[in-house]
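Asks: Take a look at this one; I'll ask things after.
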2 protein chains.
Amino acid sequence: MKIRFVKESDYYVISPLINEWWGMRNMSDLLPKLFFDHFSNTSFIAEIDGEIVGFLIGFLSQSYSNEAYIHFVGVHPSYRKQNLGKELYEEFFKTVQESGRNIVRCVTSPVNKNSIAYHTKMGFKIKDGDGFVDGASVHTGYDGSNQDRVLFVKELV
Amino acid sequence: MKIRFVKESDYYVISPLINEWWGMRNMSDLLPKLFFDHFSNTSFIAEIDGEIVGFLIGFLSQSYSNEAYIHFVGVHPSYRKQNLGKELYEEFFKTVQESGRNIVRCVTSPVNKNSIAYHTKMGFKIKDGDGFVDGASVHTGYDGSNQDRVLFVKELV
């Protein structure tokens, strides 16, 4: 497997794949082309034999000079449980540290149990919110009305 | 009128307003909270008597060290044609130049004739695409299947 930076044309490969990889939930609107154009130096593609099998789209926070944010991570369903996601996260963490930053944040939906378990395993802590869903602390209405979110933060050491 | 930086809590005021201001087109998904959290130092609010009447959400490109990008601009329908948008753009341009950059990009839909006319008036040039819609050069499928876009670029002098 090879990990490389995102390039603009990857958008046209990844965008149609997203809904497929997410089991037909409509997710592709959340990842407009601007992320591929303007955050290519903190976003990564995992390839096997030239085929895209995973990606991580992240950026350095402009507001918080010590922070970075992971917006979107996807792994091809046939290539899960093979540490491919872990390698993408670690490449991102390395890049964040090289930029002199040590806080990484991301956000997920409480319905996404796999994501909560995965981030916990990867060393992210859940930021206390104002409600609970299935035992996880959530920030109610964080991403709009009825859009509760679990907020993760990880300190890089 | 007062122009100030965006703060995180503005998201909860602006997000419900967006669909209203855009005549009930579903636009609010295009502006998740992360922009209010992480790009607050290049994003602006216009207020009159403490009421939000306009906003501009933009960021400095991470990939292109000479560029900035305007993601979303909205003005309250009752406050249009009063140069309020112009003041938000000029505040953004000033901030971009203070960051040592001189290229500003943004993207609009060919259906949005007002936006095309407005950006042209503001000195943006249309980047040649691979098709035409009603006389405007478009990049076909730029934001996904059937999502043609007009690409604007302005050089700050």
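Chains: A, B, ... in order of the structure tokens. Residues: from 1 per chain. Ligands: from 1, in order shown.
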Select, as a ChimeraX atom specification, those residues of chain B with any atom no more than 8 Å from chain A (distances computed using only C-alpha atoms).

Replies: /B:12,15-16,29-30,32-33,37-41,59,61-64,142-144

Asks: Selection from above, C-alpha atoms, as a short mmCIF file (atom, residue, chain, number, x, y, z; two decimals), in the first residue's frame, can you write it?

Replies:
data_model
loop_
_atom_site.label_atom_id
_atom_site.label_comp_id
_atom_site.auth_asym_id
_atom_site.auth_seq_id
_atom_site.Cartn_x
_atom_site.Cartn_y
_atom_site.Cartn_z
CA TYR B 12 -26.46 28.76 15.48
CA SER B 15 -27.43 28.18 9.84
CA PRO B 16 -31.25 28.39 10.28
CA ASP B 29 -25.59 21.59 4.50
CA LEU B 30 -22.92 23.44 2.54
CA PRO B 32 -21.08 23.03 8.49
CA LYS B 33 -19.97 24.35 11.86
CA ASP B 37 -14.69 27.03 14.43
CA HIS B 38 -11.56 26.93 12.30
CA PHE B 39 -11.70 29.83 9.82
CA SER B 40 -12.91 32.58 12.14
CA ASN B 41 -9.98 34.88 11.38
CA PHE B 59 -10.18 30.95 4.21
CA SER B 61 -5.65 28.25 0.86
CA GLN B 62 -3.31 25.76 2.49
CA SER B 63 -2.26 24.30 -0.87
CA TYR B 64 -1.55 27.63 -2.60
CA TYR B 142 -16.87 20.54 -11.49
CA ASP B 143 -18.67 19.79 -8.21
CA GLY B 144 -19.83 16.30 -9.24
#

Asks: Extract, using only C-alpha atoms, all DNA, RNA and protein residues at most 9 Å from B:Glu47, discarding same-chain residues fewer than 2 positions from it, and format them as a PyMOL selection string.

Replies: chain B and resi 1-4+45+49-55

Asks: As JSON, numbers by chain, list the residues of chain A assigned to alpha helix (DSSP H) by DSSP on the backbone atoms of this structure.

Replies: {"A": [10, 11, 12, 13, 14, 15, 16, 17, 18, 19, 20, 21, 34, 35, 36, 37, 38, 84, 85, 86, 87, 88, 89, 90, 91, 92, 93, 94, 95, 96, 97, 98, 113, 114, 115, 116, 117, 118, 119, 120, 121]}

Asks: Kindly save the residues from that selection, with C-alpha atoms included, as a short mmCIF file (atom, residue, chain, number, x, y, z; two decimals), in the first residue's frame.

Replies:
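To be explicit, this is the file written out as again.cif:
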data_model
loop_
_atom_site.label_atom_id
_atom_site.label_comp_id
_atom_site.auth_asym_id
_atom_site.auth_seq_id
_atom_site.Cartn_x
_atom_site.Cartn_y
_atom_site.Cartn_z
CA ASP A 10 -8.94 12.58 -6.86
CA TYR A 11 -12.21 14.38 -6.16
CA TYR A 12 -13.75 12.91 -9.30
CA VAL A 13 -12.79 9.38 -8.24
CA ILE A 14 -13.71 9.70 -4.57
CA SER A 15 -16.94 11.71 -4.67
CA PRO A 16 -18.97 9.03 -6.52
CA LEU A 17 -17.48 6.31 -4.27
CA ILE A 18 -18.46 7.91 -0.98
CA ASN A 19 -22.16 7.08 -0.96
CA GLU A 20 -21.23 3.52 -1.98
CA TRP A 21 -18.68 3.07 0.81
CA LEU A 34 -12.70 22.82 -2.32
CA PHE A 35 -11.13 20.40 0.18
CA PHE A 36 -9.21 18.68 -2.63
CA ASP A 37 -8.11 22.03 -4.06
CA HIS A 38 -7.08 23.90 -0.93
CA LEU A 84 -5.29 1.10 6.53
CA GLY A 85 -7.23 3.78 8.43
CA LYS A 86 -4.59 3.76 11.16
CA GLU A 87 -1.85 4.44 8.62
CA LEU A 88 -3.81 7.39 7.20
CA TYR A 89 -4.34 8.85 10.69
CA GLU A 90 -0.68 8.40 11.55
CA GLU A 91 0.41 10.13 8.36
CA PHE A 92 -1.89 13.03 9.27
CA PHE A 93 -0.59 13.14 12.87
CA LYS A 94 2.99 13.24 11.58
CA THR A 95 2.19 16.13 9.24
CA VAL A 96 0.40 18.01 12.04
CA GLN A 97 3.40 17.61 14.33
CA GLU A 98 5.77 18.73 11.58
CA LYS A 113 -20.88 3.48 16.85
CA ASN A 114 -18.03 2.15 14.73
CA SER A 115 -16.56 5.63 14.42
CA ILE A 116 -16.83 6.22 18.18
CA ALA A 117 -15.13 2.90 18.95
CA TYR A 118 -12.48 3.52 16.33
CA HIS A 119 -11.52 7.00 17.53
CA THR A 120 -11.42 5.81 21.12
CA LYS A 121 -9.05 3.01 20.07
#

Asks: Determine the nearest neighbour of A:Ile57 from the options A:Lys7, A:Arg80, A:Gly123, A:Lys154, counting only C-alpha atoms.

Replies: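 Among the listed residues, A:Lys7 lies closest to A:Ile57.
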
Asks: Check the DSSP output for the backbone and give back, as a ChimeraX atom specification, the residues of stretch 78-126 of chain A in strand (DSSP E).

Replies: /A:103-108,125-126

Asks: Using atom CA of A:Ser43 and atom CA of A:Met27 as the two end points, give the distance in Å to one decimal.

Replies: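 The value is 17.9 Å.
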
Asks: Between atom CA of B:Val150 and atom CA of B:Ser109, what is the spacing in Å?

Replies: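 Separation between atom CA of B:Ser109 and atom CA of B:Val150: 5.9 Å.
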